[in-house]
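Here the structure comes first, spelled out in structure tokens, and everything after it is commentary.
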Amino acid sequence: MPVDTGQTNKVWTRYIFCRDNGHSNYVLKADLCERHFRGDQWELSDKTQLTLVRRPALTINKILGTVGNVLGEQIGARSEISFRPRNGSHSGTADVLNKVFKQISDNNQLDWKRSDIFADGVIGSRGFLDIRLDYNDQMQGEVRYEVLNPKNVIPDPDADQYDPDTWGEVFITKWLTADDIAVLYNKEDADYLRNRAQSMYLYGFDSVEAFRERFGLQTHPYYANGIDDSNVRRNIRVIERQYREIDSQKHFVEKETGDMRPIPKDFDRNRIAFFVEKFGFAVVKKLVRRIKWMVVADNVVLHDDWSPYKHFTPVPYFPHFRRGTTIGLVENLTGPQELLNKVTSQELHVLNTTANSGWKIKAGALLNMSIEELEQRGAQTGLVLEMSDMDGAEKIQPNNTPQGLDRMSFKAEESIKSISGVSDSMQGFDREDVAAKAI
């Protein structure tokens with residue numbers, strides 16, 4: 001596809017609008033939940049300040065074990081998808097569909113991927129499974145399931161329902177190498193984008209920046225090591241937009257029942273006439289909302305055509321959904337977890353101050369060490385003070401442990417247990433629209 005700054009700018013403008021009107025807030029929430037799940041539960045500023053005053057900042061990660069139990073429950077309770085005949089249909093068709101779907105499931109390791117998107121939903125409140133045809137191993141195409149990073153899927157900001165068929169659009173963004181683009185799209189565009197380090201847009205730094213989740217550390221996008229590593233370095237952001245657009249499309253109409261089916265665009269007049277003559281169909285034109293599929297990379301249009309599918313390829317999973325708001329499990333555990341960490345750290349701090357509460361020293365009475373040495377060694381067992389005056393040193397009596405401090409940590413743990421109801425967190429996961437859309 002040619003360089004088309006007008007078209008790509010339209011996609012980019014809509015992308016940043018959707019990104020900055022709701023999705024950025026979700027990414028911040030998901031990042032907070034991810035950090036709490038893996039045990040990074042203190043803000044850097046708070047932890048630095050506590051370190052400066054030599055106070056403990058403990059992390060007792062109850063979220064990891066709690067979510068692990070929920071994920072194990074899902075693995076043990078997940079359902080097996082099957083087809084059954086209805087309204088007098090032949091049972092042989094259902095048997096064939098069962099075998100076909102089983103082959104698709106095994107080929108895609110679907111059980112693992114269902115658990116992955118369940119984990120995404122529980123931790124970050126959103127999970128996405130992408131379903132489309134793949135032609136890498138089969139010339140006629142085969143169903144391929146892929147787990148998407150929820151931070152890279154931007155739903156329609158105006159949508160307020162769970163079902164993607166009610167959405168107006170969806171964005172999928174990902175990072176590719178120039179060689180990936182050459183294989184998936186065409187070599188000319190790949191060579192044009194290779195080793196690109198800046199965007200064509202004034203505020204489009206996000207199209208070439210390199211800060212994202214991966215195995216390695218985050219590096220500056222303009223880092224150069226003197227060699228061409230564009231075959232392995234994923235530094236090209238590709239934005240895939242699937243959106244609905246009105247189109248006048250021909251349909252076959254079954255005269256007795258009124259059922260309509262769109263006529264594929266590759267049907268010529270002779271082929272249409274064959275179906276009309278053989279099956280008695282009528283042909284009508286009708287305005288429909290079809291899915292348009294556009295893929296851009298910076299100012300290059302990689303793909304622009306009608307989607308071959310009736311639905312958007314991303315299929316979502318939200319543990320709890322309320323009018324456009326997605327709710328997971330971990331986000332409601334962050335408060336009790338922070339309470340547990342802070343109360344436990346405070347308990348340790350109280351114990352430390354009890355053991356080393358400080359000294360009152362008369363000026364010039366301490367002979368065998370300096371005041372600074374006493375500050376460092378004052379809590380050691382068997383400390384010996386040489387004094388010129390026996391009344392020149394006095395141990396400061398520590399404050400009593402605040403009442404109820406020990407019970408607060410217990411209440412925090414109980415709150416985590418009460419919030420993490422396994423049955424509630426799994427509501428709606430086995431609503432497998434995936435099977436129908438795949439077949």
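In the structure tokens, each chain is lettered A, B, ... as it comes, each chain's residues begin at 1, and ligands are numbered from 1 in order of appearance.
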
Contacts of Gln249 (chain A) within 9 Å, only C-alpha atoms, excl. fewer than 2 positions in-chain, as a ChimeraX atom specification: /A:247,251,262-263,265,284-288

If you keep all heavy atoms, can you produce a file of those selected residues as a PDB file, in the first residue's frame?
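Contents of selection_26.pdb, as written:
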ATOM      1  N   ASP A 247     -22.524   0.372   3.943  1.00  0.00           N
ATOM      2  CA  ASP A 247     -22.199  -0.044   2.586  1.00  0.00           C
ATOM      3  C   ASP A 247     -23.459  -0.607   1.934  1.00  0.00           C
ATOM      4  O   ASP A 247     -24.298  -1.237   2.595  1.00  0.00           O
ATOM      5  CB  ASP A 247     -21.097  -1.101   2.595  1.00  0.00           C
ATOM      6  CG  ASP A 247     -20.711  -1.550   1.195  1.00  0.00           C
ATOM      7  OD1 ASP A 247     -20.598  -0.690   0.308  1.00  0.00           O
ATOM      8  OD2 ASP A 247     -20.547  -2.772   0.987  1.00  0.00           O
ATOM      9  N   HIS A 251     -27.660  -8.959  -1.588  1.00  0.00           N
ATOM     10  CA  HIS A 251     -28.006 -10.089  -0.739  1.00  0.00           C
ATOM     11  C   HIS A 251     -28.845 -11.088  -1.527  1.00  0.00           C
ATOM     12  O   HIS A 251     -29.671 -10.697  -2.372  1.00  0.00           O
ATOM     13  CB  HIS A 251     -28.815  -9.637   0.482  1.00  0.00           C
ATOM     14  CG  HIS A 251     -28.006  -8.933   1.526  1.00  0.00           C
ATOM     15  ND1 HIS A 251     -27.482  -7.675   1.324  1.00  0.00           N
ATOM     16  CD2 HIS A 251     -27.628  -9.321   2.788  1.00  0.00           C
ATOM     17  CE1 HIS A 251     -26.826  -7.301   2.412  1.00  0.00           C
ATOM     18  NE2 HIS A 251     -26.908  -8.283   3.309  1.00  0.00           N
ATOM     19  N   PRO A 262     -25.507 -12.091   2.632  1.00  0.00           N
ATOM     20  CA  PRO A 262     -24.744 -11.224   1.722  1.00  0.00           C
ATOM     21  C   PRO A 262     -24.048 -12.027   0.630  1.00  0.00           C
ATOM     22  O   PRO A 262     -23.580 -13.144   0.857  1.00  0.00           O
ATOM     23  CB  PRO A 262     -23.736 -10.540   2.645  1.00  0.00           C
ATOM     24  CG  PRO A 262     -23.628 -11.442   3.832  1.00  0.00           C
ATOM     25  CD  PRO A 262     -24.980 -12.070   3.999  1.00  0.00           C
ATOM     26  N   ILE A 263     -23.967 -11.474  -0.545  1.00  0.00           N
ATOM     27  CA  ILE A 263     -23.294 -12.113  -1.671  1.00  0.00           C
ATOM     28  C   ILE A 263     -21.813 -11.748  -1.613  1.00  0.00           C
ATOM     29  O   ILE A 263     -21.460 -10.567  -1.533  1.00  0.00           O
ATOM     30  CB  ILE A 263     -23.901 -11.651  -3.010  1.00  0.00           C
ATOM     31  CG1 ILE A 263     -25.394 -12.004  -3.060  1.00  0.00           C
ATOM     32  CG2 ILE A 263     -23.160 -12.260  -4.188  1.00  0.00           C
ATOM     33  CD1 ILE A 263     -26.098 -11.490  -4.302  1.00  0.00           C
ATOM     34  N   LYS A 265     -18.119 -10.651  -2.510  1.00  0.00           N
ATOM     35  CA  LYS A 265     -17.766  -9.644  -3.511  1.00  0.00           C
ATOM     36  C   LYS A 265     -17.115 -10.254  -4.754  1.00  0.00           C
ATOM     37  O   LYS A 265     -17.084  -9.615  -5.817  1.00  0.00           O
ATOM     38  CB  LYS A 265     -16.814  -8.610  -2.899  1.00  0.00           C
ATOM     39  CG  LYS A 265     -15.462  -9.165  -2.497  1.00  0.00           C
ATOM     40  CD  LYS A 265     -14.569  -8.066  -1.955  1.00  0.00           C
ATOM     41  CE  LYS A 265     -13.175  -8.591  -1.602  1.00  0.00           C
ATOM     42  NZ  LYS A 265     -12.295  -7.508  -1.091  1.00  0.00           N
ATOM     43  N   VAL A 284     -31.384  -8.635  -3.831  1.00  0.00           N
ATOM     44  CA  VAL A 284     -31.751  -7.270  -3.452  1.00  0.00           C
ATOM     45  C   VAL A 284     -30.508  -6.543  -2.962  1.00  0.00           C
ATOM     46  O   VAL A 284     -29.556  -7.163  -2.479  1.00  0.00           O
ATOM     47  CB  VAL A 284     -32.829  -7.246  -2.343  1.00  0.00           C
ATOM     48  CG1 VAL A 284     -34.122  -7.889  -2.836  1.00  0.00           C
ATOM     49  CG2 VAL A 284     -32.330  -7.916  -1.079  1.00  0.00           C
ATOM     50  N   LYS A 285     -30.537  -5.215  -3.087  1.00  0.00           N
ATOM     51  CA  LYS A 285     -29.488  -4.376  -2.523  1.00  0.00           C
ATOM     52  C   LYS A 285     -29.986  -3.807  -1.198  1.00  0.00           C
ATOM     53  O   LYS A 285     -31.136  -3.391  -1.087  1.00  0.00           O
ATOM     54  CB  LYS A 285     -29.120  -3.241  -3.477  1.00  0.00           C
ATOM     55  CG  LYS A 285     -27.996  -3.578  -4.429  1.00  0.00           C
ATOM     56  CD  LYS A 285     -27.489  -2.334  -5.123  1.00  0.00           C
ATOM     57  CE  LYS A 285     -26.259  -2.664  -5.971  1.00  0.00           C
ATOM     58  NZ  LYS A 285     -25.702  -1.438  -6.605  1.00  0.00           N
ATOM     59  N   LYS A 286     -29.083  -3.786  -0.231  1.00  0.00           N
ATOM     60  CA  LYS A 286     -29.484  -3.340   1.097  1.00  0.00           C
ATOM     61  C   LYS A 286     -28.326  -2.591   1.754  1.00  0.00           C
ATOM     62  O   LYS A 286     -27.172  -2.978   1.641  1.00  0.00           O
ATOM     63  CB  LYS A 286     -29.873  -4.553   1.952  1.00  0.00           C
ATOM     64  CG  LYS A 286     -30.333  -4.219   3.351  1.00  0.00           C
ATOM     65  CD  LYS A 286     -30.599  -5.480   4.145  1.00  0.00           C
ATOM     66  CE  LYS A 286     -30.986  -5.147   5.577  1.00  0.00           C
ATOM     67  NZ  LYS A 286     -31.177  -6.372   6.401  1.00  0.00           N
ATOM     68  N   LEU A 287     -28.693  -1.490   2.471  1.00  0.00           N
ATOM     69  CA  LEU A 287     -27.697  -0.774   3.243  1.00  0.00           C
ATOM     70  C   LEU A 287     -27.402  -1.550   4.529  1.00  0.00           C
ATOM     71  O   LEU A 287     -28.310  -1.847   5.303  1.00  0.00           O
ATOM     72  CB  LEU A 287     -28.174   0.634   3.584  1.00  0.00           C
ATOM     73  CG  LEU A 287     -28.055   1.702   2.487  1.00  0.00           C
ATOM     74  CD1 LEU A 287     -28.617   3.024   2.977  1.00  0.00           C
ATOM     75  CD2 LEU A 287     -26.599   1.881   2.066  1.00  0.00           C
ATOM     76  N   VAL A 288     -26.144  -1.864   4.745  1.00  0.00           N
ATOM     77  CA  VAL A 288     -25.752  -2.622   5.935  1.00  0.00           C
ATOM     78  C   VAL A 288     -24.530  -1.955   6.559  1.00  0.00           C
ATOM     79  O   VAL A 288     -23.807  -1.186   5.910  1.00  0.00           O
ATOM     80  CB  VAL A 288     -25.416  -4.088   5.594  1.00  0.00           C
ATOM     81  CG1 VAL A 288     -26.661  -4.818   5.117  1.00  0.00           C
ATOM     82  CG2 VAL A 288     -24.314  -4.172   4.542  1.00  0.00           C
TER      83      VAL A 288
END

Residues near Val143 (chain A), cut-off 7 Å, only C-alpha atoms, skip fewer than 3 positions along chain, as a list of chain:residue names: A:Ile104, A:Ile131, A:Arg132, A:Leu133, A:Asp134, A:Ala438

Would you output that residue set with N, CA, C and O atoms, as a tab-separated table (two decimals), in the first residue's frame?
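The new file result03.tsv reads:
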chain	number	residue	atom	x	y	z
A	104	ILE	N	-9.75	-27.94	16.58
A	104	ILE	CA	-9.36	-26.52	16.65
A	104	ILE	C	-8.83	-26.19	18.04
A	104	ILE	O	-7.81	-25.52	18.19
A	131	ILE	N	-9.56	-14.02	17.44
A	131	ILE	CA	-9.93	-15.18	16.62
A	131	ILE	C	-9.97	-14.76	15.16
A	131	ILE	O	-10.72	-13.85	14.79
A	132	ARG	N	-9.17	-15.41	14.35
A	132	ARG	CA	-9.17	-15.12	12.91
A	132	ARG	C	-8.59	-16.31	12.16
A	132	ARG	O	-8.08	-17.26	12.77
A	133	LEU	N	-8.65	-16.26	10.85
A	133	LEU	CA	-8.08	-17.33	10.03
A	133	LEU	C	-6.58	-17.10	9.84
A	133	LEU	O	-6.13	-15.96	9.69
A	134	ASP	N	-5.85	-18.21	9.86
A	134	ASP	CA	-4.40	-18.15	9.71
A	134	ASP	C	-4.00	-19.02	8.52
A	134	ASP	O	-4.52	-20.13	8.34
A	438	ALA	N	-16.01	-18.92	16.13
A	438	ALA	CA	-14.92	-19.64	15.46
A	438	ALA	C	-15.46	-20.54	14.37
A	438	ALA	O	-14.89	-20.63	13.28

Mind dumping a table of every region 31-131 of chain A residue within 6 Å of region 305-327 of chain A, with the nearest atom pair and its distance in Å to one decimal, using only C-alpha atoms, sorted by chain and rising number, as a Markdown table?
| residue | atom | partner | partner_atom | distance |
| --- | --- | --- | --- | --- |
| A:Gly121 | CA | A:Phe318 | CA | 5.7 |
| A:Ser125 | CA | A:Ile327 | CA | 5.0 |
| A:Arg126 | CA | A:Phe318 | CA | 5.1 |
| A:Gly127 | CA | A:Tyr317 | CA | 5.0 |
| A:Phe128 | CA | A:Pro316 | CA | 4.5 |
| A:Leu129 | CA | A:Val315 | CA | 5.1 |
| A:Asp130 | CA | A:Pro314 | CA | 4.3 |
| A:Ile131 | CA | A:Thr313 | CA | 5.2 |

Atom pair CA of Thr344 (chain A) / CA of Leu58 (chain A): separation (Å): 7.0 Å

Sel. of helix (DSSP H, G or I) residues, region 313-395 of chain A, as a ChimeraX atom specification: /A:330-332,334-355,371-377

Spatial neighbours of Val96 (chain A), max dist 12 Å, only C-alpha atoms, sep filter under 4 positions, as number ranges by chain: A: 82-85, 90-92, 100-103, 439

Using C-alpha atoms, can you export the residues from the last selection as a compact mmCIF listing (two decimals), in the first residue's frame?
# COMPACT_ATOMS: atom_id res chain seq x y z
CA SER A 82 -19.92 -29.34 22.93
CA PHE A 83 -22.65 -29.12 20.28
CA ARG A 84 -26.08 -30.77 20.42
CA PRO A 85 -28.82 -31.01 17.78
CA HIS A 90 -29.55 -34.53 12.51
CA SER A 91 -27.26 -35.64 15.35
CA GLY A 92 -24.47 -36.41 12.90
CA VAL A 100 -14.01 -30.13 14.39
CA PHE A 101 -14.02 -27.87 17.44
CA LYS A 102 -11.98 -30.37 19.44
CA GLN A 103 -9.34 -30.35 16.70
CA ILE A 439 -17.10 -22.19 13.67

Long-range neighbours of Val296 (chain A) as a VMD selection string, 8 Å cut-off, only C-alpha atoms, 4 positions minimum in chain: chain A and resid 8 11 238 to 240 300 to 303

Using only C-alpha atoms: which of A:Leu110, A:Ile75, A:Asn136, A:Gln242 has the shortest distance to Arg14 (chain A):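 Closest candidate: A:Gln242.
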
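In this model, the gap between CA of Ser105 (chain A) and CA of Asp165 (chain A) comes to 23.4 Å.
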